[in-house]
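Engineer: Coordinates in run.txt, compact mmCIF, C-alpha atoms, are listed below.
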```
# COMPACT_ATOMS: atom_id res chain seq x y z
CA MET A 1483 -157.27 -34.14 52.92
CA THR A 1484 -156.07 -31.24 54.77
CA SER A 1485 -152.68 -29.73 54.23
CA PRO A 1486 -150.45 -29.08 57.18
CA ALA A 1487 -150.36 -25.51 58.25
CA THR A 1488 -147.25 -23.63 57.27
CA PRO A 1489 -145.60 -21.70 60.05
CA ALA A 1490 -145.84 -17.97 59.81
CA PRO A 1491 -142.61 -16.11 59.09
CA PRO A 1492 -141.03 -14.48 62.11
CA THR A 1493 -141.81 -10.86 62.47
CA PRO A 1494 -138.83 -8.51 62.61
CA ASP A 1495 -138.09 -6.86 65.90
CA PHE A 1496 -137.96 -3.11 65.39
CA SER A 1497 -137.47 -2.33 69.02
CA THR A 1498 -134.59 -0.14 70.03
CA PRO A 1499 -131.48 -2.10 71.07
CA ASP A 1500 -130.59 -1.99 74.71
CA PHE A 1501 -127.33 -0.11 74.32
CA LEU A 1502 -129.05 2.75 72.51
CA THR A 1503 -131.39 3.53 75.32
CA PRO A 1504 -130.24 6.29 77.59
CA GLY A 1505 -128.26 5.02 80.53
CA ALA A 1506 -127.79 1.56 79.03
CA LYS A 1507 -124.45 -0.14 79.30
CA ILE A 1508 -122.38 -0.26 76.09
CA PRO A 1509 -121.11 -3.73 75.37
CA ASP A 1510 -117.36 -4.20 75.80
CA ALA A 1511 -115.23 -4.22 72.68
CA PRO A 1512 -113.17 -7.32 72.15
CA ALA A 1513 -109.75 -7.08 73.73
CA ALA A 1514 -106.96 -5.99 71.36
CA PRO A 1515 -104.37 -8.68 70.80
CA SER A 1516 -100.84 -8.01 71.96
CA LEU A 1517 -98.14 -6.98 69.50
CA GLU A 1518 -96.51 -10.39 69.62
CA GLU A 1519 -99.81 -12.08 68.83
CA SER A 1520 -100.41 -9.69 65.92
CA LEU A 1521 -96.95 -10.29 64.47
CA ALA A 1522 -97.29 -14.04 64.88
CA GLY A 1523 -100.46 -13.92 62.81
CA LEU A 1524 -98.74 -12.19 59.86
CA ARG A 1525 -97.43 -14.16 56.93
CA ASP A 1526 -94.05 -13.50 55.30
CA ILE A 1527 -93.74 -11.11 52.33
CA HIS A 1528 -94.33 -12.87 49.03
CA LEU A 1529 -92.16 -11.57 46.19
CA PRO A 1530 -93.43 -11.88 42.64
CA PRO A 1531 -91.86 -14.69 40.63
CA ASP A 1532 -88.77 -13.90 38.52
CA VAL A 1533 -89.43 -12.73 34.99
CA PRO A 1534 -88.79 -15.72 32.74
CA PHE A 1535 -86.27 -15.54 29.90
CA TRP A 1536 -88.69 -17.14 27.46
CA PRO A 1537 -91.05 -16.11 25.92
CA PRO A 1538 -89.74 -12.60 25.39
CA ALA A 1539 -91.89 -9.53 25.46
CA PRO A 1540 -93.61 -8.51 22.20
CA GLY A 1541 -91.11 -5.68 21.71
CA TRP A 1542 -88.29 -8.21 21.33
CA TYR A 1543 -90.24 -10.00 18.61
CA ALA A 1544 -90.68 -6.68 16.79
CA LEU A 1545 -86.97 -5.89 17.15
CA ALA A 1546 -85.97 -9.34 15.91
CA GLY A 1547 -88.32 -8.97 12.96
CA LEU A 1548 -86.82 -5.57 12.15
CA VAL A 1549 -83.27 -6.97 12.30
CA VAL A 1550 -84.24 -9.85 10.00
CA LEU A 1551 -85.94 -7.45 7.59
CA VAL A 1552 -82.91 -5.13 7.46
CA GLY A 1553 -80.60 -8.12 6.96
CA LEU A 1554 -82.80 -9.40 4.17
CA VAL A 1555 -82.84 -6.02 2.42
CA LEU A 1556 -79.06 -5.74 2.69
CA ALA A 1557 -78.59 -9.29 1.39
CA ILE A 1558 -80.84 -8.58 -1.60
CA ARG A 1559 -78.98 -5.35 -2.36
CA GLU A 1560 -75.64 -7.17 -2.17
CA TRP A 1561 -76.92 -9.96 -4.41
CA ARG A 1562 -78.26 -7.43 -6.95
CA TRP A 1563 -74.94 -5.55 -6.88
CA ARG A 1564 -73.08 -8.77 -7.60
CA GLN A 1565 -75.28 -9.33 -10.64
CA THR A 1566 -74.40 -5.96 -12.16
CA LEU A 1567 -72.01 -5.39 -14.98
CA ALA A 1568 -70.00 -2.98 -12.82
CA TYR A 1569 -69.32 -5.63 -10.19
CA LYS A 1570 -68.22 -8.17 -12.78
CA ALA A 1571 -66.03 -5.61 -14.58
CA LEU A 1572 -64.41 -4.54 -11.28
CA LYS A 1573 -63.70 -8.16 -10.37
CA GLU A 1574 -62.19 -8.78 -13.78
CA PHE A 1575 -60.07 -5.64 -13.50
CA GLU A 1576 -58.85 -6.66 -10.03
CA ALA A 1577 -57.96 -10.15 -11.28
CA THR A 1578 -56.12 -8.77 -14.31
CA LEU A 1579 -54.33 -6.25 -12.11
CA ALA A 1580 -53.28 -8.98 -9.66
CA GLN A 1581 -51.99 -11.05 -12.56
CA ALA A 1582 -49.95 -8.11 -13.88
CA ASP A 1583 -48.69 -7.49 -10.35
CA ALA A 1584 -47.49 -11.07 -10.06
CA GLN A 1585 -45.69 -10.97 -13.42
CA GLU A 1586 -43.80 -7.78 -12.74
CA GLY A 1587 -42.18 -6.50 -9.56
CA ALA A 1588 -44.63 -4.06 -8.06
CA ARG A 1589 -43.94 -0.92 -6.10
CA ASP A 1590 -46.35 -0.04 -3.30
CA GLY A 1591 -48.43 -3.11 -4.12
CA LEU A 1592 -49.22 -1.87 -7.64
CA PRO A 1593 -47.54 -2.40 -11.02
CA ASP A 1594 -46.44 0.59 -13.07
CA ALA A 1595 -48.90 2.78 -14.97
CA GLN A 1596 -48.41 0.94 -18.28
CA ALA A 1597 -49.29 -2.44 -16.70
CA ILE A 1598 -52.36 -0.86 -15.14
CA ALA A 1599 -53.36 0.62 -18.51
CA VAL A 1600 -52.94 -2.75 -20.22
CA ALA A 1601 -55.04 -4.44 -17.51
CA ALA A 1602 -57.73 -1.76 -17.68
CA SER A 1603 -57.86 -1.40 -21.45
CA GLY A 1604 -59.37 -4.81 -22.18
CA VAL A 1605 -61.89 -4.55 -19.34
CA LEU A 1606 -62.98 -1.05 -20.36
CA ARG A 1607 -63.34 -2.03 -24.01
CA ARG A 1608 -65.47 -5.07 -23.09
CA LEU A 1609 -67.60 -2.87 -20.82
CA VAL A 1610 -68.20 -0.29 -23.56
CA ARG A 1611 -68.89 -3.09 -26.06
CA ALA A 1612 -71.47 -4.63 -23.71
CA GLN A 1613 -73.26 -1.31 -23.54
CA SER A 1614 -72.79 0.12 -27.04
CA GLY A 1615 -72.43 -2.92 -29.24
CA ASP A 1616 -69.68 -4.04 -31.61
CA ALA A 1617 -69.10 -0.56 -33.04
CA ALA A 1618 -67.28 0.41 -29.82
CA THR A 1619 -64.69 -2.31 -30.42
CA ALA A 1620 -63.29 -0.49 -33.44
CA LEU A 1621 -62.65 2.76 -31.53
CA THR A 1622 -58.97 3.70 -31.37
CA GLY A 1623 -56.85 6.75 -30.79
CA GLU A 1624 -58.75 10.03 -30.49
CA ALA A 1625 -62.20 8.40 -30.69
CA TRP A 1626 -61.39 6.01 -27.83
CA THR A 1627 -59.90 8.90 -25.82
CA ARG A 1628 -63.18 10.85 -26.21
CA VAL A 1629 -65.13 7.86 -24.87
CA LEU A 1630 -62.81 7.63 -21.87
CA VAL A 1631 -63.05 11.37 -21.09
CA ALA A 1632 -66.85 11.54 -21.44
CA GLY A 1633 -69.14 11.55 -18.44
CA LYS A 1634 -68.97 12.84 -14.91
CA ALA A 1635 -66.46 10.17 -13.85
CA GLY A 1636 -64.41 10.38 -17.03
CA PHE A 1637 -60.64 10.26 -17.04
CA GLY A 1638 -58.52 13.36 -17.34
CA VAL A 1639 -57.29 14.08 -20.87
CA ALA A 1640 -53.70 12.99 -20.10
CA GLU A 1641 -54.86 9.77 -18.42
CA ALA A 1642 -57.27 8.95 -21.25
CA ALA A 1643 -54.61 9.56 -23.92
CA PHE A 1644 -52.15 7.39 -22.00
CA LEU A 1645 -54.78 4.66 -21.52
CA ALA A 1646 -55.59 4.72 -25.25
CA ARG A 1647 -51.94 4.32 -26.32
CA ALA A 1648 -50.23 2.39 -23.49
CA PRO A 1649 -51.39 -1.13 -24.48
CA TYR A 1650 -49.64 -0.77 -27.83
CA TYR A 1651 -46.19 0.13 -26.48
CA PRO A 1652 -43.64 -2.63 -25.88
CA PRO A 1653 -43.42 -3.65 -22.19
CA ALA A 1654 -41.79 -0.97 -20.03
CA ALA A 1655 -41.29 1.26 -23.09
CA ALA A 1656 -44.26 3.58 -22.57
CA PRO A 1657 -43.29 7.21 -22.08
CA ASP A 1658 -43.56 8.41 -18.50
CA ALA A 1659 -46.80 10.35 -18.42
CA GLY A 1660 -46.37 11.28 -14.74
CA ILE A 1661 -49.40 9.22 -13.74
CA ALA A 1662 -49.39 7.90 -10.18
CA PRO A 1663 -50.38 4.20 -10.20
CA LYS A 1664 -52.61 4.46 -7.14
CA ALA A 1665 -54.56 7.43 -8.53
CA PHE A 1666 -54.77 5.70 -11.92
CA VAL A 1667 -56.30 2.55 -10.38
CA THR A 1668 -58.78 4.68 -8.44
CA ALA A 1669 -59.75 6.51 -11.65
CA VAL A 1670 -60.30 3.19 -13.48
CA ARG A 1671 -62.52 1.88 -10.67
CA ARG A 1672 -64.50 5.12 -10.58
CA TRP A 1673 -65.01 5.03 -14.36
CA ILE A 1674 -66.22 1.42 -14.23
CA ARG A 1675 -68.70 2.17 -11.43
CA ALA A 1676 -70.04 5.22 -13.25
CA ARG A 1677 -70.37 3.61 -16.66
CA ALA A 1678 -71.76 0.18 -15.76
```
Let me see whether you can do it: turn the structure in this file into structure tokens.

Structural biologist:
Amino acid sequence: MTSPATPAPPTPDFSTPDFLTPGAKIPDAPAAPSLEESLAGLRDIHLPPDVPFWPPAPGWYALAGLVVLVGLVLAIREWRWRQTLAYKALKEFEATLAQADAQEGARDGLPDAQAIAVAASGVLRRLVRAQSGDAATALTGEAWTRVLVAGKAGFGVAEAAFLARAPYYPPAAAPDAGIAPKAFVTAVRRWIRARA
């Protein structure tokens, strides 16, 4: 058996093209289309699609996570504050003060200094007892005044002496110590916050 002969590959033509020979005619370039034909062949401008609302960019996720984290930290701090003795003592003082205010005609939204002292005395004694034990319950007079004056947020000497004695006077019979009710309430709140 003989196999069919395979054709030989064509040999490349390395001869010089006609238009490169001197004096040869250069082939004509294709005719340029008219302006109208060129414009008719163009397609309209394609705008990119609108940026979708969802899903947001990664930066928005980070910002939302930061807001949630800050909210969580603030909520935990508020919860921890509400568990403190100071918060509970302040709430009790405010409730007792509101009760005294309702029982007696108040000026400027506050009862007189003796009613404030009576409202504060029980709360302050319970606060000191919770911290120091039962021995603080027996403090009276000068010893109780020293406890009230002590510390950076302590009462002034006149306020502390008035606060120590005022609960034991008959209603509206306490001597006028010249204590402004609003400043007295502020001093009680400050003392509670500092001591609890």

Engineer: To one decimal in Å, tell me the separation between atom CA of Leu1579 of chain A and atom CA of Ala1597 of chain A.

Structural biologist: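 Those two atoms sit 7.8 Å apart.
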
Engineer: A:Ile1661, A:Ala1612, A:Ala1632, A:Ala1601: which is nearest Thr1566 of chain A, counting all atoms listed in the file?

Structural biologist: A:Ala1612

Engineer: Restricting the calculation to all atoms listed in the file: of A:Ala1557, A:Val1533, A:Ala1662, A:Ala1646, which residue gets closest to Ser1603 of chain A?

Structural biologist: A:Ala1646

Engineer: For Gln1581 of chain A, which residue among A:Ala1640, A:Ala1568, A:Ala1678, A:Val1600 is the nearest when counting all atoms listed in the file?

Structural biologist: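 The shortest atom-to-atom distance to Gln1581 of chain A comes from A:Val1600.
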
Engineer: Closest to Pro1649 of chain A among A:Ala1511, A:Ala1595, A:Ala1669, A:Leu1609, using only C-alpha atoms?

Structural biologist: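 The closest residue to Pro1649 of chain A is A:Ala1595.
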
Engineer: Have a look at A:Ile1558, A:Val1549, A:Ala1514, A:Ile1598 and name the one nearest to Ala1577 of chain A; count only C-alpha atoms.

Structural biologist: A:Ile1598
